[in-house]
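Peer 1: Structure file input-v6.txt, compact mmCIF, N, CA and C atoms, is pasted below:
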```txt
# COMPACT_ATOMS: atom_id res chain seq x y z
N MET A 184 221.21 129.14 109.54
CA MET A 184 220.16 128.20 109.27
C MET A 184 219.13 128.17 110.41
N THR A 185 219.62 128.28 111.64
CA THR A 185 218.70 128.26 112.77
C THR A 185 217.84 129.51 112.79
N ASP A 186 218.32 130.62 112.20
CA ASP A 186 217.49 131.82 112.12
C ASP A 186 216.25 131.56 111.27
N ALA A 187 216.42 130.86 110.15
CA ALA A 187 215.28 130.55 109.28
C ALA A 187 214.31 129.62 110.01
N ILE A 188 214.84 128.66 110.72
CA ILE A 188 213.98 127.72 111.43
C ILE A 188 213.24 128.42 112.56
N SER A 189 213.92 129.25 113.33
CA SER A 189 213.24 129.93 114.44
C SER A 189 212.23 130.95 113.94
N ALA A 190 212.52 131.62 112.82
CA ALA A 190 211.55 132.55 112.23
C ALA A 190 210.31 131.80 111.76
N ALA A 191 210.51 130.67 111.12
CA ALA A 191 209.38 129.86 110.65
C ALA A 191 208.59 129.29 111.82
N GLN A 192 209.28 128.89 112.88
CA GLN A 192 208.60 128.36 114.06
C GLN A 192 207.73 129.42 114.71
N SER A 193 208.23 130.64 114.79
CA SER A 193 207.42 131.72 115.39
C SER A 193 206.20 131.99 114.53
N ALA A 194 206.36 131.90 113.20
CA ALA A 194 205.21 132.09 112.31
C ALA A 194 204.19 130.98 112.50
N LEU A 195 204.64 129.74 112.70
CA LEU A 195 203.72 128.63 112.93
C LEU A 195 202.88 128.87 114.18
N GLY A 196 203.51 129.37 115.23
CA GLY A 196 202.78 129.67 116.46
C GLY A 196 201.75 130.78 116.26
N ALA A 197 202.16 131.84 115.57
CA ALA A 197 201.24 132.95 115.32
C ALA A 197 200.08 132.52 114.42
N LEU A 198 200.38 131.73 113.41
CA LEU A 198 199.34 131.25 112.51
C LEU A 198 198.38 130.29 113.22
N SER A 199 198.89 129.52 114.16
CA SER A 199 198.02 128.64 114.95
C SER A 199 197.02 129.46 115.76
N THR A 200 197.49 130.55 116.34
CA THR A 200 196.60 131.44 117.10
C THR A 200 195.56 132.05 116.17
N SER A 201 195.99 132.49 115.00
CA SER A 201 195.07 133.08 114.03
C SER A 201 194.00 132.08 113.62
N MET A 202 194.40 130.83 113.39
CA MET A 202 193.43 129.79 113.02
C MET A 202 192.46 129.52 114.17
N ALA A 203 192.94 129.56 115.40
CA ALA A 203 192.07 129.34 116.56
C ALA A 203 191.03 130.46 116.68
N VAL A 204 191.44 131.70 116.41
CA VAL A 204 190.51 132.83 116.44
C VAL A 204 189.45 132.66 115.36
N THR A 205 189.87 132.27 114.17
CA THR A 205 188.93 132.05 113.07
C THR A 205 187.97 130.91 113.40
N ALA A 206 188.48 129.83 113.96
CA ALA A 206 187.63 128.69 114.34
C ALA A 206 186.60 129.12 115.38
N ASN A 207 187.00 129.96 116.32
CA ASN A 207 186.08 130.47 117.34
C ASN A 207 184.98 131.31 116.69
N ASN A 208 185.35 132.12 115.71
CA ASN A 208 184.35 132.92 115.00
C ASN A 208 183.33 132.03 114.30
N VAL A 209 183.82 131.02 113.60
CA VAL A 209 182.92 130.10 112.88
C VAL A 209 182.02 129.36 113.87
N ALA A 210 182.56 128.97 115.00
CA ALA A 210 181.77 128.25 116.01
C ALA A 210 180.66 129.13 116.58
N ASN A 211 180.84 130.44 116.55
CA ASN A 211 179.86 131.36 117.13
C ASN A 211 179.01 132.08 116.08
N VAL A 212 179.00 131.58 114.85
CA VAL A 212 178.25 132.24 113.78
C VAL A 212 176.76 132.36 114.11
N ASN A 213 176.21 131.43 114.86
CA ASN A 213 174.79 131.46 115.22
C ASN A 213 174.53 131.93 116.65
N THR A 214 175.52 132.54 117.28
CA THR A 214 175.35 133.06 118.64
C THR A 214 174.91 134.52 118.56
N ASP A 215 173.70 134.79 119.01
CA ASP A 215 173.17 136.16 118.95
C ASP A 215 174.09 137.12 119.69
N GLY A 216 174.39 138.25 119.03
CA GLY A 216 175.18 139.30 119.63
C GLY A 216 176.68 139.08 119.61
N TYR A 217 177.14 137.93 119.10
CA TYR A 217 178.58 137.66 119.09
C TYR A 217 179.29 138.60 118.12
N LYS A 218 180.43 139.14 118.54
CA LYS A 218 181.26 140.01 117.71
C LYS A 218 182.50 139.23 117.28
N SER A 219 182.73 139.16 115.97
CA SER A 219 183.87 138.40 115.46
C SER A 219 185.18 139.08 115.86
N GLN A 220 186.24 138.31 115.84
CA GLN A 220 187.57 138.79 116.20
C GLN A 220 188.54 138.51 115.06
N ASP A 221 189.64 139.25 115.07
CA ASP A 221 190.65 139.09 114.04
C ASP A 221 192.02 139.14 114.72
N ALA A 222 192.86 138.16 114.43
CA ALA A 222 194.22 138.14 114.97
C ALA A 222 195.11 138.96 114.03
N ARG A 223 195.77 139.96 114.58
CA ARG A 223 196.67 140.80 113.79
C ARG A 223 198.10 140.32 114.01
N LEU A 224 198.78 140.01 112.92
CA LEU A 224 200.15 139.51 112.99
C LEU A 224 201.11 140.63 112.64
N SER A 225 202.29 140.58 113.24
CA SER A 225 203.32 141.57 112.95
C SER A 225 204.69 140.90 113.02
N THR A 226 205.69 141.65 112.60
CA THR A 226 207.06 141.16 112.65
C THR A 226 207.47 141.00 114.11
N GLY A 227 208.21 139.95 114.39
CA GLY A 227 208.65 139.66 115.75
C GLY A 227 209.72 140.61 116.24
N PRO A 228 210.22 140.36 117.45
CA PRO A 228 211.26 141.20 118.04
C PRO A 228 212.51 141.25 117.17
N ASP A 229 213.12 142.40 117.11
CA ASP A 229 214.35 142.62 116.34
C ASP A 229 214.16 142.29 114.85
N GLY A 230 212.91 142.42 114.35
CA GLY A 230 212.64 142.17 112.94
C GLY A 230 212.72 140.72 112.53
N GLN A 231 212.69 139.81 113.48
CA GLN A 231 212.80 138.37 113.20
C GLN A 231 211.50 137.66 113.52
N GLY A 232 211.05 136.83 112.61
CA GLY A 232 209.88 136.00 112.87
C GLY A 232 208.57 136.74 112.80
N THR A 233 207.54 136.11 113.31
CA THR A 233 206.18 136.64 113.29
C THR A 233 205.56 136.43 114.66
N GLN A 234 204.73 137.38 115.06
CA GLN A 234 204.04 137.26 116.34
C GLN A 234 202.62 137.82 116.21
N VAL A 235 201.77 137.45 117.14
CA VAL A 235 200.42 138.02 117.19
C VAL A 235 200.55 139.35 117.93
N SER A 236 200.27 140.45 117.23
CA SER A 236 200.38 141.75 117.88
C SER A 236 199.14 142.08 118.69
N SER A 237 197.97 141.63 118.21
CA SER A 237 196.74 141.87 118.96
C SER A 237 195.62 141.02 118.38
N ILE A 238 194.59 140.86 119.17
CA ILE A 238 193.35 140.23 118.71
C ILE A 238 192.29 141.31 118.85
N VAL A 239 191.73 141.71 117.71
CA VAL A 239 190.84 142.86 117.64
C VAL A 239 189.41 142.40 117.42
N GLU A 240 188.49 142.98 118.19
CA GLU A 240 187.08 142.66 118.03
C GLU A 240 186.45 143.59 116.99
N ASP A 241 185.66 143.01 116.09
CA ASP A 241 184.92 143.79 115.10
C ASP A 241 183.64 144.27 115.77
N THR A 242 183.52 145.57 115.98
CA THR A 242 182.37 146.11 116.71
C THR A 242 181.19 146.47 115.82
N SER A 243 181.28 146.14 114.53
CA SER A 243 180.14 146.45 113.65
C SER A 243 178.93 145.62 114.06
N ALA A 244 177.77 146.16 113.75
CA ALA A 244 176.52 145.50 114.15
C ALA A 244 176.25 144.29 113.28
N GLY A 245 175.68 143.29 113.88
CA GLY A 245 175.22 142.14 113.13
C GLY A 245 173.84 142.41 112.57
N ALA A 246 173.37 141.53 111.73
CA ALA A 246 172.03 141.68 111.16
C ALA A 246 170.98 141.55 112.27
N LEU A 247 169.83 142.13 112.04
CA LEU A 247 168.73 142.03 113.00
C LEU A 247 167.71 141.02 112.49
N ARG A 248 167.11 140.32 113.44
CA ARG A 248 166.02 139.41 113.09
C ARG A 248 164.91 139.57 114.12
N ALA A 249 163.70 139.38 113.64
CA ALA A 249 162.53 139.50 114.53
C ALA A 249 162.39 138.22 115.33
N GLU A 250 162.02 138.39 116.58
CA GLU A 250 161.83 137.24 117.46
C GLU A 250 160.61 137.50 118.33
N THR A 251 159.82 136.48 118.53
CA THR A 251 158.66 136.60 119.40
C THR A 251 159.08 136.22 120.81
N VAL A 252 158.79 137.13 121.75
CA VAL A 252 159.10 136.87 123.16
C VAL A 252 157.83 137.06 123.98
N ALA A 253 157.81 136.45 125.14
CA ALA A 253 156.68 136.62 126.04
C ALA A 253 156.98 137.80 126.97
N ALA A 254 156.09 138.80 126.93
CA ALA A 254 156.28 139.98 127.78
C ALA A 254 155.06 140.14 128.68
N GLU A 255 155.32 140.54 129.91
CA GLU A 255 154.23 140.72 130.88
C GLU A 255 153.61 142.10 130.69
N ASN A 256 152.29 142.13 130.55
CA ASN A 256 151.60 143.43 130.41
C ASN A 256 151.26 143.97 131.79
N GLN A 257 150.57 145.11 131.84
CA GLN A 257 150.26 145.76 133.12
C GLN A 257 149.31 144.93 133.97
N ALA A 258 148.54 144.06 133.35
CA ALA A 258 147.60 143.23 134.10
C ALA A 258 148.28 141.97 134.64
N GLY A 259 149.59 141.81 134.36
CA GLY A 259 150.31 140.65 134.85
C GLY A 259 150.16 139.42 133.97
N VAL A 260 149.64 139.61 132.78
CA VAL A 260 149.44 138.50 131.84
C VAL A 260 150.56 138.54 130.81
N TYR A 261 151.09 137.37 130.52
CA TYR A 261 152.14 137.28 129.50
C TYR A 261 151.48 137.15 128.14
N GLU A 262 151.92 138.00 127.23
CA GLU A 262 151.41 137.93 125.87
C GLU A 262 152.59 138.05 124.90
N PRO A 263 152.44 137.44 123.72
CA PRO A 263 153.54 137.49 122.75
C PRO A 263 153.80 138.91 122.27
N GLN A 264 155.08 139.20 122.08
CA GLN A 264 155.47 140.52 121.62
C GLN A 264 156.66 140.35 120.67
N MET A 265 156.70 141.12 119.61
CA MET A 265 157.81 141.08 118.66
C MET A 265 158.97 141.91 119.20
N ASP A 266 160.17 141.36 119.05
CA ASP A 266 161.37 142.06 119.49
C ASP A 266 162.43 141.84 118.42
N MET A 267 163.37 142.76 118.29
CA MET A 267 164.47 142.64 117.34
C MET A 267 165.72 142.17 118.10
N VAL A 268 166.38 141.16 117.55
CA VAL A 268 167.58 140.59 118.17
C VAL A 268 168.74 140.74 117.20
N GLU A 269 169.87 141.24 117.71
CA GLU A 269 171.07 141.35 116.87
C GLU A 269 171.74 139.98 116.78
N MET A 270 171.98 139.55 115.54
CA MET A 270 172.67 138.29 115.31
C MET A 270 174.18 138.55 115.33
N SER A 271 174.98 137.51 115.19
CA SER A 271 176.43 137.69 115.17
C SER A 271 176.83 138.44 113.90
N ASN A 272 177.99 139.07 113.93
CA ASN A 272 178.48 139.79 112.76
C ASN A 272 179.56 139.00 112.01
N VAL A 273 179.59 137.69 112.23
CA VAL A 273 180.58 136.83 111.58
C VAL A 273 180.25 136.69 110.10
N ASP A 274 181.22 136.99 109.26
CA ASP A 274 181.10 136.83 107.81
C ASP A 274 181.81 135.53 107.44
N LEU A 275 181.03 134.50 107.12
CA LEU A 275 181.61 133.18 106.84
C LEU A 275 182.54 133.18 105.63
N VAL A 276 182.26 134.01 104.64
CA VAL A 276 183.14 134.08 103.48
C VAL A 276 184.50 134.61 103.91
N ARG A 277 184.51 135.67 104.69
CA ARG A 277 185.78 136.24 105.18
C ARG A 277 186.53 135.22 106.04
N GLN A 278 185.81 134.47 106.86
CA GLN A 278 186.44 133.47 107.72
C GLN A 278 187.07 132.36 106.88
N ASN A 279 186.40 131.96 105.80
CA ASN A 279 186.97 130.94 104.90
C ASN A 279 188.24 131.45 104.25
N VAL A 280 188.23 132.70 103.81
CA VAL A 280 189.43 133.29 103.21
C VAL A 280 190.56 133.31 104.24
N ASN A 281 190.26 133.70 105.47
CA ASN A 281 191.28 133.72 106.53
C ASN A 281 191.87 132.33 106.75
N MET A 282 191.00 131.31 106.77
CA MET A 282 191.50 129.94 106.99
C MET A 282 192.39 129.48 105.85
N ILE A 283 192.01 129.81 104.62
CA ILE A 283 192.83 129.42 103.47
C ILE A 283 194.18 130.13 103.51
N GLN A 284 194.17 131.43 103.78
CA GLN A 284 195.43 132.18 103.87
C GLN A 284 196.33 131.63 104.96
N ASP A 285 195.77 131.40 106.13
CA ASP A 285 196.57 130.87 107.24
C ASP A 285 197.11 129.48 106.93
N SER A 286 196.28 128.65 106.30
CA SER A 286 196.70 127.30 105.94
C SER A 286 197.87 127.33 104.96
N ARG A 287 197.77 128.17 103.93
CA ARG A 287 198.85 128.27 102.94
C ARG A 287 200.13 128.83 103.57
N ALA A 288 199.99 129.82 104.42
CA ALA A 288 201.16 130.38 105.10
C ALA A 288 201.79 129.34 106.02
N PHE A 289 200.95 128.54 106.70
CA PHE A 289 201.45 127.48 107.57
C PHE A 289 202.26 126.48 106.74
N GLU A 290 201.69 126.05 105.60
CA GLU A 290 202.39 125.10 104.73
C GLU A 290 203.72 125.67 104.24
N ALA A 291 203.74 126.95 103.89
CA ALA A 291 204.98 127.58 103.41
C ALA A 291 206.05 127.59 104.51
N ASN A 292 205.65 127.86 105.74
CA ASN A 292 206.62 127.88 106.84
C ASN A 292 207.11 126.49 107.19
N VAL A 293 206.26 125.48 107.06
CA VAL A 293 206.72 124.11 107.26
C VAL A 293 207.74 123.76 106.18
N ALA A 294 207.50 124.21 104.94
CA ALA A 294 208.45 123.97 103.85
C ALA A 294 209.79 124.65 104.13
N VAL A 295 209.77 125.84 104.73
CA VAL A 295 211.01 126.53 105.11
C VAL A 295 211.78 125.69 106.12
N ILE A 296 211.08 125.18 107.12
CA ILE A 296 211.75 124.36 108.15
C ILE A 296 212.33 123.10 107.53
N ARG A 297 211.56 122.44 106.68
CA ARG A 297 212.06 121.22 106.02
C ARG A 297 213.29 121.51 105.17
N THR A 298 213.25 122.59 104.40
CA THR A 298 214.38 122.95 103.54
C THR A 298 215.61 123.29 104.37
N ALA A 299 215.42 124.07 105.42
CA ALA A 299 216.55 124.42 106.29
C ALA A 299 217.11 123.17 106.96
N ASP A 300 216.22 122.26 107.33
CA ASP A 300 216.65 121.00 107.94
C ASP A 300 217.44 120.16 106.93
N ASP A 301 216.95 120.07 105.70
CA ASP A 301 217.66 119.31 104.66
C ASP A 301 219.03 119.91 104.39
N MET A 302 219.10 121.23 104.35
CA MET A 302 220.38 121.90 104.08
C MET A 302 221.37 121.71 105.22
N ALA A 303 220.84 121.65 106.43
CA ALA A 303 221.71 121.47 107.60
C ALA A 303 222.10 120.00 107.78
N GLY A 304 221.34 119.10 107.18
CA GLY A 304 221.65 117.67 107.26
C GLY A 304 221.16 117.01 108.54
N THR A 305 220.30 117.65 109.28
CA THR A 305 219.76 117.05 110.50
C THR A 305 218.54 116.23 110.16
N LEU A 306 218.07 115.48 111.11
CA LEU A 306 216.95 114.58 110.88
C LEU A 306 215.74 114.98 111.71
N LEU A 307 214.99 115.96 111.27
CA LEU A 307 213.73 116.31 111.91
C LEU A 307 212.62 115.63 111.15
N ASP A 308 211.66 115.07 111.85
CA ASP A 308 210.52 114.42 111.20
C ASP A 308 209.32 115.34 111.35
N LEU A 309 209.03 116.14 110.31
CA LEU A 309 207.90 117.06 110.35
C LEU A 309 206.86 116.60 109.34
N ARG A 310 205.68 116.31 109.85
CA ARG A 310 204.59 115.91 108.97
C ARG A 310 203.42 116.85 109.18
N VAL A 311 202.85 117.30 108.11
CA VAL A 311 201.67 118.18 108.19
C VAL A 311 200.48 117.45 107.67
```
Could you show the structure in this file as structure tokens?

Peer 2:
Amino acid sequence: MTDAISAAQSALGALSTSMAVTANNVANVNTDGYKSQDARLSTGPDGQGTQVSSIVEDTSAGALRAETVAAENQAGVYEPQMDMVEMSNVDLVRQNVNMIQDSRAFEANVAVIRTADDMAGTLLDLRV
């Protein structure tokens, strides 16, 4: 029974990290040049539980937008000039899907812990 609980607990930790990475991506959706990240999960040591194997940066280019900047010409006068700025490459739809998947997996692992606790007859108070 403790194997099920410890496996579910490790998954809760990994899913928490994944949610934090997703939240960071959403927070930086309007940060020019920001590259989104993805938490990769894998089976834990000895085939038990879940762990974060890596956090991978998406190196694809973000969309470009025109921006007016002040540039100094040869005469030392600042004049407006158009420049292209790379926006973040965060895909909000993908981030929403990640949050929903992580949330459902989190709920499922909490249910595993509750069920294992009920079967063992112990009194853990877990509220989500």

Peer 1: Quick one, how far is atom CA of Met270 of chain A from atom C of Ala210 of chain A?

Peer 2: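 Calculated distance between atom CA of Met270 of chain A and atom C of Ala210 of chain A is 12.2 Å.
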
Peer 1: Within 8 Å of Ala244 of chain A, counting only C-alpha atoms, which residues qualify if same-chain residues fewer than 6 places away don't, as a list in words?

Peer 2: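 Contacts, with the query itself left out: Glu269, Ser271 and Asn272 of chain A.
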
Peer 1: Any idea what the distance is between atom C of Val204 of chain A and atom CA of Met267 of chain A?

Peer 2: 27.0 Å

Peer 1: With a distance cut-off of 12 Å and only C-alpha atoms, select the neighbouring residues of Ala190 of chain A, excluding the residue or stretch itself and same-chain residues fewer than 3 positions from it, and output the selection as a PDB file with N, CA and C atoms, keeping the file's coordinate frame.

Peer 2:
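Final file, around10.pdb:
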```pdb
ATOM      1  N   MET A 184     221.210 129.140 109.540  1.00  0.00           N
ATOM      2  CA  MET A 184     220.160 128.200 109.270  1.00  0.00           C
ATOM      3  C   MET A 184     219.130 128.170 110.410  1.00  0.00           C
ATOM      4  N   THR A 185     219.620 128.280 111.640  1.00  0.00           N
ATOM      5  CA  THR A 185     218.700 128.260 112.770  1.00  0.00           C
ATOM      6  C   THR A 185     217.840 129.510 112.790  1.00  0.00           C
ATOM      7  N   ASP A 186     218.320 130.620 112.200  1.00  0.00           N
ATOM      8  CA  ASP A 186     217.490 131.820 112.120  1.00  0.00           C
ATOM      9  C   ASP A 186     216.250 131.560 111.270  1.00  0.00           C
ATOM     10  N   ALA A 187     216.420 130.860 110.150  1.00  0.00           N
ATOM     11  CA  ALA A 187     215.280 130.550 109.280  1.00  0.00           C
ATOM     12  C   ALA A 187     214.310 129.620 110.010  1.00  0.00           C
ATOM     13  N   SER A 193     208.230 130.640 114.790  1.00  0.00           N
ATOM     14  CA  SER A 193     207.420 131.720 115.390  1.00  0.00           C
ATOM     15  C   SER A 193     206.200 131.990 114.530  1.00  0.00           C
ATOM     16  N   ALA A 194     206.360 131.900 113.200  1.00  0.00           N
ATOM     17  CA  ALA A 194     205.210 132.090 112.310  1.00  0.00           C
ATOM     18  C   ALA A 194     204.190 130.980 112.500  1.00  0.00           C
ATOM     19  N   LEU A 195     204.640 129.740 112.700  1.00  0.00           N
ATOM     20  CA  LEU A 195     203.720 128.630 112.930  1.00  0.00           C
ATOM     21  C   LEU A 195     202.880 128.870 114.180  1.00  0.00           C
ATOM     22  N   GLY A 196     203.510 129.370 115.230  1.00  0.00           N
ATOM     23  CA  GLY A 196     202.780 129.670 116.460  1.00  0.00           C
ATOM     24  C   GLY A 196     201.750 130.780 116.260  1.00  0.00           C
ATOM     25  N   ALA A 197     202.160 131.840 115.570  1.00  0.00           N
ATOM     26  CA  ALA A 197     201.240 132.950 115.320  1.00  0.00           C
ATOM     27  C   ALA A 197     200.080 132.520 114.420  1.00  0.00           C
ATOM     28  N   THR A 226     205.690 141.650 112.600  1.00  0.00           N
ATOM     29  CA  THR A 226     207.060 141.160 112.650  1.00  0.00           C
ATOM     30  C   THR A 226     207.470 141.000 114.110  1.00  0.00           C
ATOM     31  N   GLY A 227     208.210 139.950 114.390  1.00  0.00           N
ATOM     32  CA  GLY A 227     208.650 139.660 115.750  1.00  0.00           C
ATOM     33  C   GLY A 227     209.720 140.610 116.240  1.00  0.00           C
ATOM     34  N   PRO A 228     210.220 140.360 117.450  1.00  0.00           N
ATOM     35  CA  PRO A 228     211.260 141.200 118.040  1.00  0.00           C
ATOM     36  C   PRO A 228     212.510 141.250 117.170  1.00  0.00           C
ATOM     37  N   ASP A 229     213.120 142.400 117.110  1.00  0.00           N
ATOM     38  CA  ASP A 229     214.350 142.620 116.340  1.00  0.00           C
ATOM     39  C   ASP A 229     214.160 142.290 114.850  1.00  0.00           C
ATOM     40  N   GLY A 230     212.910 142.420 114.350  1.00  0.00           N
ATOM     41  CA  GLY A 230     212.640 142.170 112.940  1.00  0.00           C
ATOM     42  C   GLY A 230     212.720 140.720 112.530  1.00  0.00           C
ATOM     43  N   GLN A 231     212.690 139.810 113.480  1.00  0.00           N
ATOM     44  CA  GLN A 231     212.800 138.370 113.200  1.00  0.00           C
ATOM     45  C   GLN A 231     211.500 137.660 113.520  1.00  0.00           C
ATOM     46  N   GLY A 232     211.050 136.830 112.610  1.00  0.00           N
ATOM     47  CA  GLY A 232     209.880 136.000 112.870  1.00  0.00           C
ATOM     48  C   GLY A 232     208.570 136.740 112.800  1.00  0.00           C
ATOM     49  N   THR A 233     207.540 136.110 113.310  1.00  0.00           N
ATOM     50  CA  THR A 233     206.180 136.640 113.290  1.00  0.00           C
ATOM     51  C   THR A 233     205.560 136.430 114.660  1.00  0.00           C
ATOM     52  N   GLN A 234     204.730 137.380 115.060  1.00  0.00           N
ATOM     53  CA  GLN A 234     204.040 137.260 116.340  1.00  0.00           C
ATOM     54  C   GLN A 234     202.620 137.820 116.210  1.00  0.00           C
ATOM     55  N   ASN A 292     205.650 127.860 105.740  1.00  0.00           N
ATOM     56  CA  ASN A 292     206.620 127.880 106.840  1.00  0.00           C
ATOM     57  C   ASN A 292     207.110 126.490 107.190  1.00  0.00           C
ATOM     58  N   VAL A 293     206.260 125.480 107.060  1.00  0.00           N
ATOM     59  CA  VAL A 293     206.720 124.110 107.260  1.00  0.00           C
ATOM     60  C   VAL A 293     207.740 123.760 106.180  1.00  0.00           C
ATOM     61  N   VAL A 295     209.770 125.840 104.730  1.00  0.00           N
ATOM     62  CA  VAL A 295     211.010 126.530 105.110  1.00  0.00           C
ATOM     63  C   VAL A 295     211.780 125.690 106.120  1.00  0.00           C
ATOM     64  N   ILE A 296     211.080 125.180 107.120  1.00  0.00           N
ATOM     65  CA  ILE A 296     211.750 124.360 108.150  1.00  0.00           C
ATOM     66  C   ILE A 296     212.330 123.100 107.530  1.00  0.00           C
ATOM     67  N   ALA A 299     215.420 124.070 105.420  1.00  0.00           N
ATOM     68  CA  ALA A 299     216.550 124.420 106.290  1.00  0.00           C
ATOM     69  C   ALA A 299     217.110 123.170 106.960  1.00  0.00           C
TER      70      ALA A 299
END
```

Peer 1: What does the distance between atom C of Thr251 of chain A and atom C of Gly216 of chain A come to in Å, to one decimal place?

Peer 2: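 Interatomic distance, atom C of Thr251 of chain A to atom C of Gly216 of chain A: 17.9 Å.
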
Peer 1: Saving segment 190-213 of chain A with N, CA and C atoms, as a PDB file, in the first residue's frame, what would that file be?

Peer 2:
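Produced file decode37.pdb, reproduced below:
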```
ATOM      1  N   ALA A 190       4.400   6.294  -4.863  1.00  0.00           N
ATOM      2  CA  ALA A 190       4.383   6.544  -6.312  1.00  0.00           C
ATOM      3  C   ALA A 190       3.500   7.742  -6.633  1.00  0.00           C
ATOM      4  N   ALA A 191       2.343   7.817  -5.999  1.00  0.00           N
ATOM      5  CA  ALA A 191       1.433   8.944  -6.231  1.00  0.00           C
ATOM      6  C   ALA A 191       2.032  10.245  -5.695  1.00  0.00           C
ATOM      7  N   GLN A 192       2.719  10.173  -4.568  1.00  0.00           N
ATOM      8  CA  GLN A 192       3.357  11.368  -4.006  1.00  0.00           C
ATOM      9  C   GLN A 192       4.445  11.896  -4.937  1.00  0.00           C
ATOM     10  N   SER A 193       5.223  10.998  -5.514  1.00  0.00           N
ATOM     11  CA  SER A 193       6.269  11.451  -6.443  1.00  0.00           C
ATOM     12  C   SER A 193       5.641  12.094  -7.669  1.00  0.00           C
ATOM     13  N   ALA A 194       4.508  11.541  -8.126  1.00  0.00           N
ATOM     14  CA  ALA A 194       3.808  12.133  -9.268  1.00  0.00           C
ATOM     15  C   ALA A 194       3.284  13.516  -8.920  1.00  0.00           C
ATOM     16  N   LEU A 195       2.776  13.703  -7.698  1.00  0.00           N
ATOM     17  CA  LEU A 195       2.287  15.017  -7.280  1.00  0.00           C
ATOM     18  C   LEU A 195       3.409  16.054  -7.321  1.00  0.00           C
ATOM     19  N   GLY A 196       4.589  15.668  -6.878  1.00  0.00           N
ATOM     20  CA  GLY A 196       5.731  16.585  -6.919  1.00  0.00           C
ATOM     21  C   GLY A 196       6.125  16.942  -8.347  1.00  0.00           C
ATOM     22  N   ALA A 197       6.175  15.934  -9.214  1.00  0.00           N
ATOM     23  CA  ALA A 197       6.540  16.175 -10.612  1.00  0.00           C
ATOM     24  C   ALA A 197       5.487  17.033 -11.310  1.00  0.00           C
ATOM     25  N   LEU A 198       4.223  16.756 -11.040  1.00  0.00           N
ATOM     26  CA  LEU A 198       3.149  17.534 -11.653  1.00  0.00           C
ATOM     27  C   LEU A 198       3.143  18.971 -11.143  1.00  0.00           C
ATOM     28  N   SER A 199       3.517  19.173  -9.898  1.00  0.00           N
ATOM     29  CA  SER A 199       3.621  20.534  -9.360  1.00  0.00           C
ATOM     30  C   SER A 199       4.691  21.324 -10.108  1.00  0.00           C
ATOM     31  N   THR A 200       5.815  20.680 -10.383  1.00  0.00           N
ATOM     32  CA  THR A 200       6.881  21.331 -11.143  1.00  0.00           C
ATOM     33  C   THR A 200       6.404  21.653 -12.554  1.00  0.00           C
ATOM     34  N   SER A 201       5.708  20.711 -13.175  1.00  0.00           N
ATOM     35  CA  SER A 201       5.186  20.930 -14.524  1.00  0.00           C
ATOM     36  C   SER A 201       4.215  22.103 -14.547  1.00  0.00           C
ATOM     37  N   MET A 202       3.347  22.197 -13.545  1.00  0.00           N
ATOM     38  CA  MET A 202       2.404  23.315 -13.463  1.00  0.00           C
ATOM     39  C   MET A 202       3.141  24.643 -13.263  1.00  0.00           C
ATOM     40  N   ALA A 203       4.209  24.630 -12.475  1.00  0.00           N
ATOM     41  CA  ALA A 203       4.991  25.850 -12.253  1.00  0.00           C
ATOM     42  C   ALA A 203       5.657  26.315 -13.549  1.00  0.00           C
ATOM     43  N   VAL A 204       6.152  25.375 -14.351  1.00  0.00           N
ATOM     44  CA  VAL A 204       6.764  25.719 -15.640  1.00  0.00           C
ATOM     45  C   VAL A 204       5.709  26.321 -16.564  1.00  0.00           C
ATOM     46  N   THR A 205       4.534  25.719 -16.604  1.00  0.00           N
ATOM     47  CA  THR A 205       3.445  26.235 -17.431  1.00  0.00           C
ATOM     48  C   THR A 205       3.020  27.630 -16.966  1.00  0.00           C
ATOM     49  N   ALA A 206       2.909  27.821 -15.663  1.00  0.00           N
ATOM     50  CA  ALA A 206       2.537  29.132 -15.119  1.00  0.00           C
ATOM     51  C   ALA A 206       3.574  30.186 -15.497  1.00  0.00           C
ATOM     52  N   ASN A 207       4.843  29.819 -15.470  1.00  0.00           N
ATOM     53  CA  ASN A 207       5.911  30.746 -15.856  1.00  0.00           C
ATOM     54  C   ASN A 207       5.783  31.118 -17.339  1.00  0.00           C
ATOM     55  N   ASN A 208       5.450  30.139 -18.170  1.00  0.00           N
ATOM     56  CA  ASN A 208       5.253  30.427 -19.593  1.00  0.00           C
ATOM     57  C   ASN A 208       4.118  31.419 -19.801  1.00  0.00           C
ATOM     58  N   VAL A 209       3.000  31.179 -19.133  1.00  0.00           N
ATOM     59  CA  VAL A 209       1.840  32.070 -19.274  1.00  0.00           C
ATOM     60  C   VAL A 209       2.186  33.470 -18.765  1.00  0.00           C
ATOM     61  N   ALA A 210       2.932  33.550 -17.682  1.00  0.00           N
ATOM     62  CA  ALA A 210       3.311  34.848 -17.124  1.00  0.00           C
ATOM     63  C   ALA A 210       4.208  35.635 -18.078  1.00  0.00           C
ATOM     64  N   ASN A 211       4.933  34.933 -18.947  1.00  0.00           N
ATOM     65  CA  ASN A 211       5.867  35.594 -19.860  1.00  0.00           C
ATOM     66  C   ASN A 211       5.358  35.671 -21.297  1.00  0.00           C
ATOM     67  N   VAL A 212       4.065  35.468 -21.499  1.00  0.00           N
ATOM     68  CA  VAL A 212       3.508  35.474 -22.856  1.00  0.00           C
ATOM     69  C   VAL A 212       3.759  36.802 -23.570  1.00  0.00           C
ATOM     70  N   ASN A 213       3.826  37.898 -22.849  1.00  0.00           N
ATOM     71  CA  ASN A 213       4.055  39.214 -23.454  1.00  0.00           C
ATOM     72  C   ASN A 213       5.478  39.718 -23.284  1.00  0.00           C
TER      73      ASN A 213
END
```
